[in-house]
>>> print(open('coords07.csv').read())   # CSV, C-alpha atoms
chain,number,residue,atom,x,y,z
A,1,MET,CA,16.1,-8.8,-7.9
A,2,LYS,CA,12.4,-8.0,-7.6
A,3,ASP,CA,10.3,-6.2,-10.1
A,4,ILE,CA,9.3,-2.6,-9.2
A,5,ALA,CA,7.4,0.1,-11.0
A,6,ILE,CA,6.8,3.8,-10.2
A,7,TYR,CA,3.3,5.3,-10.1
A,8,GLY,CA,3.7,8.8,-11.4
A,9,ALA,CA,5.7,9.6,-14.6
A,10,GLY,CA,6.5,13.2,-13.8
A,11,GLY,CA,9.7,14.8,-12.4
A,12,PHE,CA,9.4,13.2,-9.0
A,13,GLY,CA,8.9,9.9,-10.7
A,14,ARG,CA,12.2,10.3,-12.4
A,15,GLU,CA,13.8,11.2,-9.1
A,16,VAL,CA,12.5,8.0,-7.6
A,17,ALA,CA,13.9,6.1,-10.5
A,18,CYS,CA,17.3,7.7,-9.6
A,19,LEU,CA,16.8,6.7,-6.0
A,20,ILE,CA,16.1,3.1,-7.0
A,21,ASN,CA,19.4,3.1,-9.1
A,22,ILE,CA,21.3,4.4,-6.1
A,23,ILE,CA,19.9,1.7,-3.9
A,24,ASN,CA,20.9,-0.9,-6.4
A,25,GLU,CA,24.4,0.4,-6.5
A,26,HIS,CA,24.8,-0.3,-2.8
A,27,HIS,CA,22.7,-3.5,-2.7
A,28,PRO,CA,21.1,-4.9,-5.9
A,29,THR,CA,17.5,-5.2,-5.0
A,30,TRP,CA,15.1,-3.8,-7.7
A,31,ASN,CA,14.4,-4.4,-11.3
A,32,LEU,CA,12.7,-1.2,-12.5
A,33,ILE,CA,10.2,-2.3,-15.2
A,34,GLY,CA,8.7,1.1,-15.9
A,35,PHE,CA,5.9,3.5,-14.8
A,36,PHE,CA,2.2,3.7,-14.4
A,37,ASP,CA,0.4,7.0,-14.7
A,38,ASP,CA,-3.2,8.5,-14.7
A,39,ASN,CA,-2.5,10.1,-18.1
A,40,GLN,CA,-3.5,7.4,-20.6
A,41,GLU,CA,-1.9,9.4,-23.4
A,42,LEU,CA,1.5,8.5,-21.9
A,43,LYS,CA,1.1,4.8,-22.3
A,44,GLY,CA,4.0,3.3,-24.3
A,45,LYS,CA,6.1,6.4,-24.1
A,46,MET,CA,9.6,6.3,-22.6
A,47,ILE,CA,10.3,8.4,-19.5
A,48,SER,CA,13.8,9.6,-20.3
A,49,HIS,CA,16.0,6.4,-20.2
A,50,TYR,CA,14.3,5.0,-17.1
A,51,GLY,CA,11.5,3.0,-18.7
A,52,GLU,CA,8.2,3.3,-20.5
A,53,VAL,CA,4.7,4.0,-19.2
A,54,LEU,CA,3.0,0.6,-18.8
A,55,GLY,CA,-0.5,1.9,-18.3
A,56,ASP,CA,-2.8,3.5,-15.8
A,57,LEU,CA,-4.5,2.4,-12.6
A,58,LYS,CA,-6.8,0.0,-14.3
A,59,GLU,CA,-3.9,-1.9,-15.9
A,60,LEU,CA,-2.0,-1.9,-12.6
A,61,ASN,CA,-4.9,-3.5,-10.8
A,62,ALA,CA,-5.0,-6.2,-13.5
A,63,TRP,CA,-1.3,-6.9,-13.3
A,64,GLU,CA,-0.9,-10.7,-12.9
A,65,LYS,CA,2.7,-10.9,-11.5
A,66,SER,CA,4.1,-9.9,-8.2
A,67,LEU,CA,5.1,-6.2,-8.3
A,68,ALA,CA,6.4,-3.6,-6.0
A,69,ILE,CA,5.1,-0.1,-6.5
A,70,ALA,CA,6.5,3.3,-5.4
A,71,ILE,CA,3.9,6.1,-5.5
A,72,ALA,CA,6.0,9.1,-6.7
A,73,VAL,CA,3.4,12.0,-6.3
A,74,GLY,CA,4.0,15.3,-4.6
A,75,ASN,CA,0.4,16.0,-3.6
A,76,PRO,CA,-0.7,14.3,-0.3
A,77,GLN,CA,-4.3,14.0,-1.2
A,78,VAL,CA,-3.4,12.4,-4.6
A,79,VAL,CA,-1.0,10.0,-2.9
A,80,LYS,CA,-3.9,8.8,-0.6
A,81,LYS,CA,-6.3,8.5,-3.5
A,82,VAL,CA,-3.9,6.4,-5.5
A,83,ALA,CA,-2.8,4.2,-2.6
A,84,GLU,CA,-6.4,3.4,-1.7
A,85,ALA,CA,-7.3,2.7,-5.3
A,86,ILE,CA,-4.6,0.1,-5.8
A,87,VAL,CA,-6.4,-3.1,-4.8
A,88,ASN,CA,-4.4,-5.7,-6.7
A,89,PRO,CA,-3.2,-8.4,-4.2
A,90,ASN,CA,-0.1,-8.9,-6.3
A,91,VAL,CA,1.1,-5.4,-5.5
A,92,GLU,CA,3.2,-4.5,-2.4
A,93,PHE,CA,4.5,-1.2,-1.2
A,94,PRO,CA,8.2,-1.3,0.0
A,95,ASN,CA,9.9,1.5,1.8
A,96,LEU,CA,12.6,3.1,-0.4
A,97,ILE,CA,15.3,4.6,1.7
A,98,ALA,CA,18.4,6.2,0.3
A,99,PRO,CA,21.7,4.7,1.4
A,100,SER,CA,22.9,8.1,2.5
A,101,THR,CA,20.1,8.3,5.2
A,102,ILE,CA,21.5,8.5,8.7
A,103,PHE,CA,19.8,6.7,11.6
A,104,LEU,CA,21.1,7.6,15.1
A,105,ASP,CA,19.3,4.4,16.4
A,106,LYS,CA,17.9,2.4,13.5
A,107,ASP,CA,16.2,-0.1,15.7
A,108,ASP,CA,14.2,2.8,17.4
A,109,VAL,CA,12.8,4.2,14.1
A,110,LYS,CA,9.7,2.4,12.9
A,111,PHE,CA,8.3,2.7,9.3
A,112,GLY,CA,5.0,1.5,7.9
A,113,LYS,CA,4.8,0.8,4.2
A,114,GLY,CA,5.3,2.8,1.0
A,115,ASN,CA,7.5,5.5,2.4
A,116,ILE,CA,10.1,7.2,0.2
A,117,VAL,CA,13.2,8.7,1.9
A,118,CYS,CA,15.5,10.6,-0.5
A,119,SER,CA,19.1,11.5,0.0
A,120,ARG,CA,20.8,12.8,3.2
A,121,CYS,CA,17.9,12.6,5.6
A,122,LEU,CA,18.5,12.0,9.3
A,123,PHE,CA,16.3,10.2,11.8
A,124,SER,CA,17.1,10.5,15.5
A,125,CYS,CA,15.5,8.0,17.9
A,126,HIS,CA,12.0,6.9,19.2
A,127,ILE,CA,10.3,7.8,15.9
A,128,GLU,CA,7.2,6.3,14.4
A,129,ILE,CA,6.4,6.8,10.7
A,130,GLY,CA,3.2,5.6,9.1
A,131,ASP,CA,2.5,4.8,5.5
A,132,PHE,CA,3.1,6.5,2.1
A,133,ASN,CA,5.1,9.5,3.4
A,134,VAL,CA,7.6,11.3,1.2
A,135,PHE,CA,10.8,12.8,2.7
A,136,ASN,CA,12.3,14.6,-0.2
A,137,GLY,CA,15.9,15.0,0.8
A,138,GLN,CA,18.1,16.7,3.5
A,139,ILE,CA,15.5,16.4,6.2
A,140,PRO,CA,16.4,16.0,9.9
A,141,VAL,CA,13.7,14.4,12.0
A,142,GLY,CA,14.2,14.8,15.8
A,143,HIS,CA,13.6,12.5,18.7
A,144,ASP,CA,10.1,11.3,19.7
A,145,VAL,CA,8.5,12.4,16.5
A,146,LYS,CA,5.3,10.6,15.3
A,147,ILE,CA,4.1,11.0,11.7
A,148,GLY,CA,0.9,9.5,10.3
A,149,ASN,CA,0.2,8.7,6.7
A,150,TYR,CA,0.3,10.4,3.2
A,151,ASN,CA,2.5,13.4,4.3
A,152,VAL,CA,4.8,15.1,1.8
A,153,VAL,CA,7.9,16.8,3.3
A,154,MET,CA,9.9,18.9,0.8
A,155,PRO,CA,13.7,19.3,0.8
A,156,SER,CA,15.5,20.8,3.8
A,157,VAL,CA,12.5,20.9,6.1
A,158,ASN,CA,13.5,20.6,9.8
A,159,ILE,CA,11.2,18.6,12.0
A,160,SER,CA,12.2,19.1,15.6
A,161,GLY,CA,11.9,16.7,18.5
A,162,GLY,CA,8.5,15.7,19.9
A,163,VAL,CA,6.5,16.8,16.8
A,164,GLN,CA,3.2,15.0,16.2
A,165,MET,CA,1.8,15.0,12.6
A,166,GLY,CA,-1.5,13.5,11.3
A,167,GLU,CA,-2.2,12.8,7.6
A,168,CYS,CA,-2.2,14.5,4.2
A,169,ASN,CA,0.0,17.4,5.2
A,170,PHE,CA,2.4,19.3,3.0
A,171,LEU,CA,5.5,21.0,4.4
A,172,GLY,CA,7.2,23.4,2.0
A,173,VAL,CA,10.9,23.7,1.2
A,174,GLN,CA,13.1,24.8,4.2
A,175,SER,CA,10.2,25.2,6.6
A,176,VAL,CA,10.7,24.4,10.3
A,177,VAL,CA,8.4,22.8,12.8
A,178,LEU,CA,9.6,23.6,16.3
A,179,GLN,CA,9.7,21.1,19.1
A,180,TYR,CA,6.5,19.4,20.5
A,181,PHE,CA,4.0,21.2,18.3
A,182,ARG,CA,1.2,19.3,16.6
A,183,ILE,CA,0.2,19.3,13.0
A,184,GLY,CA,-3.2,17.8,12.4
A,185,ASN,CA,-4.5,16.9,9.0
A,186,HIS,CA,-4.6,18.5,5.5
A,187,VAL,CA,-2.3,21.4,6.6
A,188,ARG,CA,0.1,23.2,4.3
A,189,LEU,CA,3.1,24.9,5.7
A,190,GLY,CA,4.7,27.5,3.3
A,191,ALA,CA,8.3,27.4,2.2
A,192,ASN,CA,10.7,29.0,4.7
A,193,SER,CA,8.0,29.2,7.3
A,194,VAL,CA,8.6,28.5,11.0
A,195,LEU,CA,5.7,26.8,12.8
A,196,MET,CA,5.5,27.8,16.5
A,197,ARG,CA,2.0,26.8,17.3
A,198,ASN,CA,-0.4,23.8,16.9
A,199,THR,CA,-2.4,23.9,13.7
A,200,LYS,CA,-6.0,23.8,12.8
A,201,ASP,CA,-6.9,21.2,10.1
A,202,GLY,CA,-7.2,22.3,6.5
A,203,TYR,CA,-5.4,25.6,6.6
A,204,LEU,CA,-2.3,27.1,5.0
A,205,TYR,CA,0.3,28.5,7.4
A,206,MET,CA,3.0,31.0,6.2
A,207,GLY,CA,5.6,33.3,7.6
A,208,ASN,CA,8.1,33.5,10.6
A,209,PRO,CA,6.4,32.8,12.9
A,210,ALA,CA,3.9,31.0,10.6
A,211,LYS,CA,0.3,32.4,10.8
A,212,LYS,CA,-2.9,30.8,9.6
A,213,MET,CA,-4.0,32.2,6.3
A,214,GLU,CA,-7.8,32.8,6.1
A,215,LEU,CA,-9.5,31.0,3.3
>>> encode(input="coords07.csv", output="structure tokens")
Amino acid sequence: MKDIAIYGAGGFGREVACLINIINEHHPTWNLIGFFDDNQELKGKMISHYGEVLGDLKELNAWEKSLAIAIAVGNPQVVKKVAEAIVNPNVEFPNLIAPSTIFLDKDDVKFGKGNIVCSRCLFSCHIEIGDFNVFNGQIPVGHDVKIGNYNVVMPSVNISGGVQMGECNFLGVQSVVLQYFRIGNHVRLGANSVLMRNTKDGYLYMGNPAKKMEL
């Protein structure tokens, strides 16, 4: 089994610890050694029964042994910042995929690195996923979807066929992106919203149909 730690000691960090345990129940893979976190005051503290906080980014970058890291953060911009700041050559970023995930054609779904796929997601076919994306449970992803990097997709979002998505986007709980629309970069889609248009970068969209909120 390979050593793994979680970057982020909050609630989602605990959920990722649960995900690692579930993966191990099906195929023993990971030895969870603990957490890293920006908050230096947490160092040495136990995070429930999952493990202790081993340090912050500086200590992670000084880690001398081979270590896998899962970035368990729910803010896309922070995910990007953390991923780019980890420069230790001993660190790798595996894809953590729940055993309950359904692939209609697994060979036709491509992942980059550092993605987290929580329970009961479904991926259709001819899908490309970049790096450091979070699929936070019960998310169907349709055919011919292309997703970039650092996106956070909350539970029960529906991503329809042909959708194109850039980077650092946040899709709220139970939102829907209808087929063949494009989401650019740094877009937020509100919970329960239905996106029926291409987006402009950096805006919040809310409602059914989702409308651009003026800043």
>>> closest_residue(input="coords07.csv", among="A:Gly74, A:Gly166, A:Pro94, A:Pro89", to="Glu128 in chain A", atoms="all atoms listed in the file")
A:Gly166
>>> atom_distance(input="coords07.csv", atom1="CA of Ile116 in chain A", atom2="CA of Asp201 in chain A")
24.1 Å
>>> closest_residue(input="coords07.csv", among="A:Leu57, A:Ile97, A:Val187, A:Met196", to="Val163 in chain A", atoms="all atoms listed in the file")
A:Met196
>>> atom_distance(input="coords07.csv", atom1="CA of Lys200 in chain A", atom2="CA of Gly172 in chain A")
17.1 Å
>>> closest_atom_pairs(input="coords07.csv", of="range 14-84 of chain A", to="range 133-149 of chain A", cutoff="10 Å", atoms="all atoms listed in the file", output="tab-separated table")
residue	atom	partner	partner_atom	distance
A:Glu15	CA	A:Asn136	CA	9.6
A:Val16	CA	A:Asn136	CA	9.9
A:Ile71	CA	A:Val134	CA	9.3
A:Ala72	CA	A:Val134	CA	8.4
A:Val73	CA	A:Val134	CA	8.6
A:Gly74	CA	A:Val134	CA	7.9
A:Asn75	CA	A:Val134	CA	9.8
A:Pro76	CA	A:Asn133	CA	8.4
A:Val79	CA	A:Asn133	CA	8.8
A:Lys80	CA	A:Asn149	CA	8.4
>>> write_last_selection(input="coords07.csv", atoms="C-alpha atoms", output="PDB file, in the coordinates of the input")
ATOM      1  CA  GLU A  15      13.800  11.200  -9.100  1.00  0.00           C
ATOM      2  CA  VAL A  16      12.500   8.000  -7.600  1.00  0.00           C
ATOM      3  CA  ILE A  71       3.900   6.100  -5.500  1.00  0.00           C
ATOM      4  CA  ALA A  72       6.000   9.100  -6.700  1.00  0.00           C
ATOM      5  CA  VAL A  73       3.400  12.000  -6.300  1.00  0.00           C
ATOM      6  CA  GLY A  74       4.000  15.300  -4.600  1.00  0.00           C
ATOM      7  CA  ASN A  75       0.400  16.000  -3.600  1.00  0.00           C
ATOM      8  CA  PRO A  76      -0.700  14.300  -0.300  1.00  0.00           C
ATOM      9  CA  VAL A  79      -1.000  10.000  -2.900  1.00  0.00           C
ATOM     10  CA  LYS A  80      -3.900   8.800  -0.600  1.00  0.00           C
TER      11      LYS A  80
END
>>> atom_distance(input="coords07.csv", atom1="CA of Lys211 in chain A", atom2="CA of Ser156 in chain A")
20.4 Å
>>> residues_around(input="coords07.csv", residues="Ala70 in chain A", least_positions_apart="4", cutoff="8 Å", atoms="only C-alpha atoms", output="PyMOL selection string")
chain A and resi 4-7+16+93-94+96+114+116
>>> closest_residue(input="coords07.csv", among="A:Lys2, A:Arg182, A:Arg197, A:His26", to="Ser66 in chain A", atoms="only C-alpha atoms")
A:Lys2
>>> residues_around(input="coords07.csv", residues="Ala9 in chain A", least_positions_apart="3", cutoff="12 Å", atoms="only C-alpha atoms", output="PyMOL selection string")
chain A and resi 5-6+12-17+34-48+50-56+70-74
>>> residues_around(input="coords07.csv", residues="range 188-190 of chain A", least_positions_apart="4", cutoff="6 Å", atoms="only C-alpha atoms", output="list in words")
Asn169, Phe170, Leu171, Gly172, Leu204, Tyr205 and Met206 of chain A
>>> closest_residue(input="coords07.csv", among="A:Val157, A:Met213, A:Ile20, A:Val152", to="Asn95 in chain A", atoms="all atoms listed in the file")
A:Ile20
>>> residues_around(input="coords07.csv", residues="range 98-112 of chain A", least_positions_apart="5", cutoff="8 Å", atoms="all atoms listed in the file", output="list in words")
Leu19, Ile22, Ile23, His26, Val117, Cys118, Ser119, Arg120, Cys121, Leu122, Phe123, Ser124, Cys125, His126, Ile127, Glu128, Ile129, Gly130, Asp131 and Phe132 of chain A
>>> write_last_selection(input="coords07.csv", atoms="C-alpha atoms", output="PDB file, keeping the file's coordinate frame")
ATOM      1  CA  LEU A  19      16.800   6.700  -6.000  1.00  0.00           C
ATOM      2  CA  ILE A  22      21.300   4.400  -6.100  1.00  0.00           C
ATOM      3  CA  ILE A  23      19.900   1.700  -3.900  1.00  0.00           C
ATOM      4  CA  HIS A  26      24.800  -0.300  -2.800  1.00  0.00           C
ATOM      5  CA  VAL A 117      13.200   8.700   1.900  1.00  0.00           C
ATOM      6  CA  CYS A 118      15.500  10.600  -0.500  1.00  0.00           C
ATOM      7  CA  SER A 119      19.100  11.500   0.000  1.00  0.00           C
ATOM      8  CA  ARG A 120      20.800  12.800   3.200  1.00  0.00           C
ATOM      9  CA  CYS A 121      17.900  12.600   5.600  1.00  0.00           C
ATOM     10  CA  LEU A 122      18.500  12.000   9.300  1.00  0.00           C
ATOM     11  CA  PHE A 123      16.300  10.200  11.800  1.00  0.00           C
ATOM     12  CA  SER A 124      17.100  10.500  15.500  1.00  0.00           C
ATOM     13  CA  CYS A 125      15.500   8.000  17.900  1.00  0.00           C
ATOM     14  CA  HIS A 126      12.000   6.900  19.200  1.00  0.00           C
ATOM     15  CA  ILE A 127      10.300   7.800  15.900  1.00  0.00           C
ATOM     16  CA  GLU A 128       7.200   6.300  14.400  1.00  0.00           C
ATOM     17  CA  ILE A 129       6.400   6.800  10.700  1.00  0.00           C
ATOM     18  CA  GLY A 130       3.200   5.600   9.100  1.00  0.00           C
ATOM     19  CA  ASP A 131       2.500   4.800   5.500  1.00  0.00           C
ATOM     20  CA  PHE A 132       3.100   6.500   2.100  1.00  0.00           C
TER      21      PHE A 132
END
>>> decode(input="coords07.csv", residues="range 25-48 of chain A", atoms="N, CA, C and O atoms", output="compact mmCIF listing (two decimals), in the first residue's frame")
# COMPACT_ATOMS: atom_id res chain seq x y z
N GLU A 25 -11.49 -0.81 0.87
CA GLU A 25 -12.34 -1.97 1.11
C GLU A 25 -12.49 -2.82 -0.15
O GLU A 25 -12.61 -4.04 -0.06
N HIS A 26 -12.48 -2.17 -1.30
CA HIS A 26 -12.62 -2.90 -2.56
C HIS A 26 -11.28 -3.36 -3.12
O HIS A 26 -11.19 -4.44 -3.73
N HIS A 27 -10.26 -2.55 -2.92
CA HIS A 27 -8.94 -2.88 -3.43
C HIS A 27 -7.90 -2.17 -2.58
O HIS A 27 -7.67 -0.96 -2.77
N PRO A 28 -7.30 -2.85 -1.60
CA PRO A 28 -6.34 -2.19 -0.71
C PRO A 28 -5.24 -1.48 -1.51
O PRO A 28 -4.46 -2.11 -2.22
N THR A 29 -5.21 -0.15 -1.38
CA THR A 29 -4.33 0.66 -2.21
C THR A 29 -3.55 1.67 -1.39
O THR A 29 -2.35 1.88 -1.62
N TRP A 30 -4.23 2.32 -0.43
CA TRP A 30 -3.68 3.51 0.21
C TRP A 30 -3.49 3.34 1.70
O TRP A 30 -4.35 2.78 2.39
N ASN A 31 -2.39 3.88 2.20
CA ASN A 31 -2.13 4.01 3.63
C ASN A 31 -2.24 5.49 3.98
O ASN A 31 -1.33 6.28 3.71
N LEU A 32 -3.38 5.88 4.56
CA LEU A 32 -3.62 7.29 4.90
C LEU A 32 -2.79 7.66 6.12
O LEU A 32 -3.03 7.17 7.23
N ILE A 33 -1.82 8.57 5.93
CA ILE A 33 -0.91 8.92 7.03
C ILE A 33 -1.35 10.20 7.75
O ILE A 33 -0.81 10.51 8.81
N GLY A 34 -2.31 10.94 7.18
CA GLY A 34 -2.77 12.15 7.85
C GLY A 34 -3.11 13.26 6.88
O GLY A 34 -3.42 13.02 5.71
N PHE A 35 -3.05 14.49 7.39
CA PHE A 35 -3.51 15.67 6.66
C PHE A 35 -2.41 16.74 6.65
O PHE A 35 -1.55 16.80 7.51
N PHE A 36 -2.50 17.61 5.65
CA PHE A 36 -1.79 18.89 5.65
C PHE A 36 -2.83 19.99 5.54
O PHE A 36 -3.91 19.78 4.96
N ASP A 37 -2.52 21.16 6.08
CA ASP A 37 -3.49 22.25 6.06
C ASP A 37 -2.76 23.59 6.21
O ASP A 37 -1.71 23.68 6.84
N ASP A 38 -3.36 24.64 5.61
CA ASP A 38 -2.78 25.99 5.71
C ASP A 38 -2.72 26.49 7.15
O ASP A 38 -1.85 27.29 7.49
N ASN A 39 -3.67 26.06 7.97
CA ASN A 39 -3.77 26.55 9.34
C ASN A 39 -2.71 25.89 10.22
O ASN A 39 -2.85 24.74 10.63
N GLN A 40 -1.67 26.64 10.53
CA GLN A 40 -0.57 26.09 11.32
C GLN A 40 -0.99 25.70 12.73
O GLN A 40 -0.34 24.85 13.36
N GLU A 41 -2.07 26.29 13.22
CA GLU A 41 -2.53 25.96 14.57
C GLU A 41 -3.08 24.54 14.67
O GLU A 41 -3.23 24.01 15.77
N LEU A 42 -3.38 23.93 13.52
CA LEU A 42 -3.92 22.57 13.53
C LEU A 42 -2.83 21.50 13.61
O LEU A 42 -3.15 20.32 13.81
N LYS A 43 -1.58 21.89 13.43
CA LYS A 43 -0.51 20.89 13.39
C LYS A 43 -0.52 20.04 14.67
O LYS A 43 -0.58 20.55 15.78
N GLY A 44 -0.48 18.73 14.47
CA GLY A 44 -0.46 17.79 15.58
C GLY A 44 -1.82 17.39 16.09
O GLY A 44 -1.93 16.46 16.88
N LYS A 45 -2.87 18.07 15.63
CA LYS A 45 -4.22 17.75 16.10
C LYS A 45 -4.81 16.61 15.27
O LYS A 45 -4.59 16.51 14.07
N MET A 46 -5.60 15.78 15.92
CA MET A 46 -6.29 14.68 15.24
C MET A 46 -7.53 15.21 14.55
O MET A 46 -8.27 16.04 15.10
N ILE A 47 -7.77 14.74 13.35
CA ILE A 47 -8.98 15.06 12.60
C ILE A 47 -9.89 13.85 12.72
O ILE A 47 -9.74 12.87 11.99
N SER A 48 -10.82 13.93 13.70
CA SER A 48 -11.65 12.79 14.04
C SER A 48 -10.73 11.59 14.28
O SER A 48 -9.71 11.72 14.94
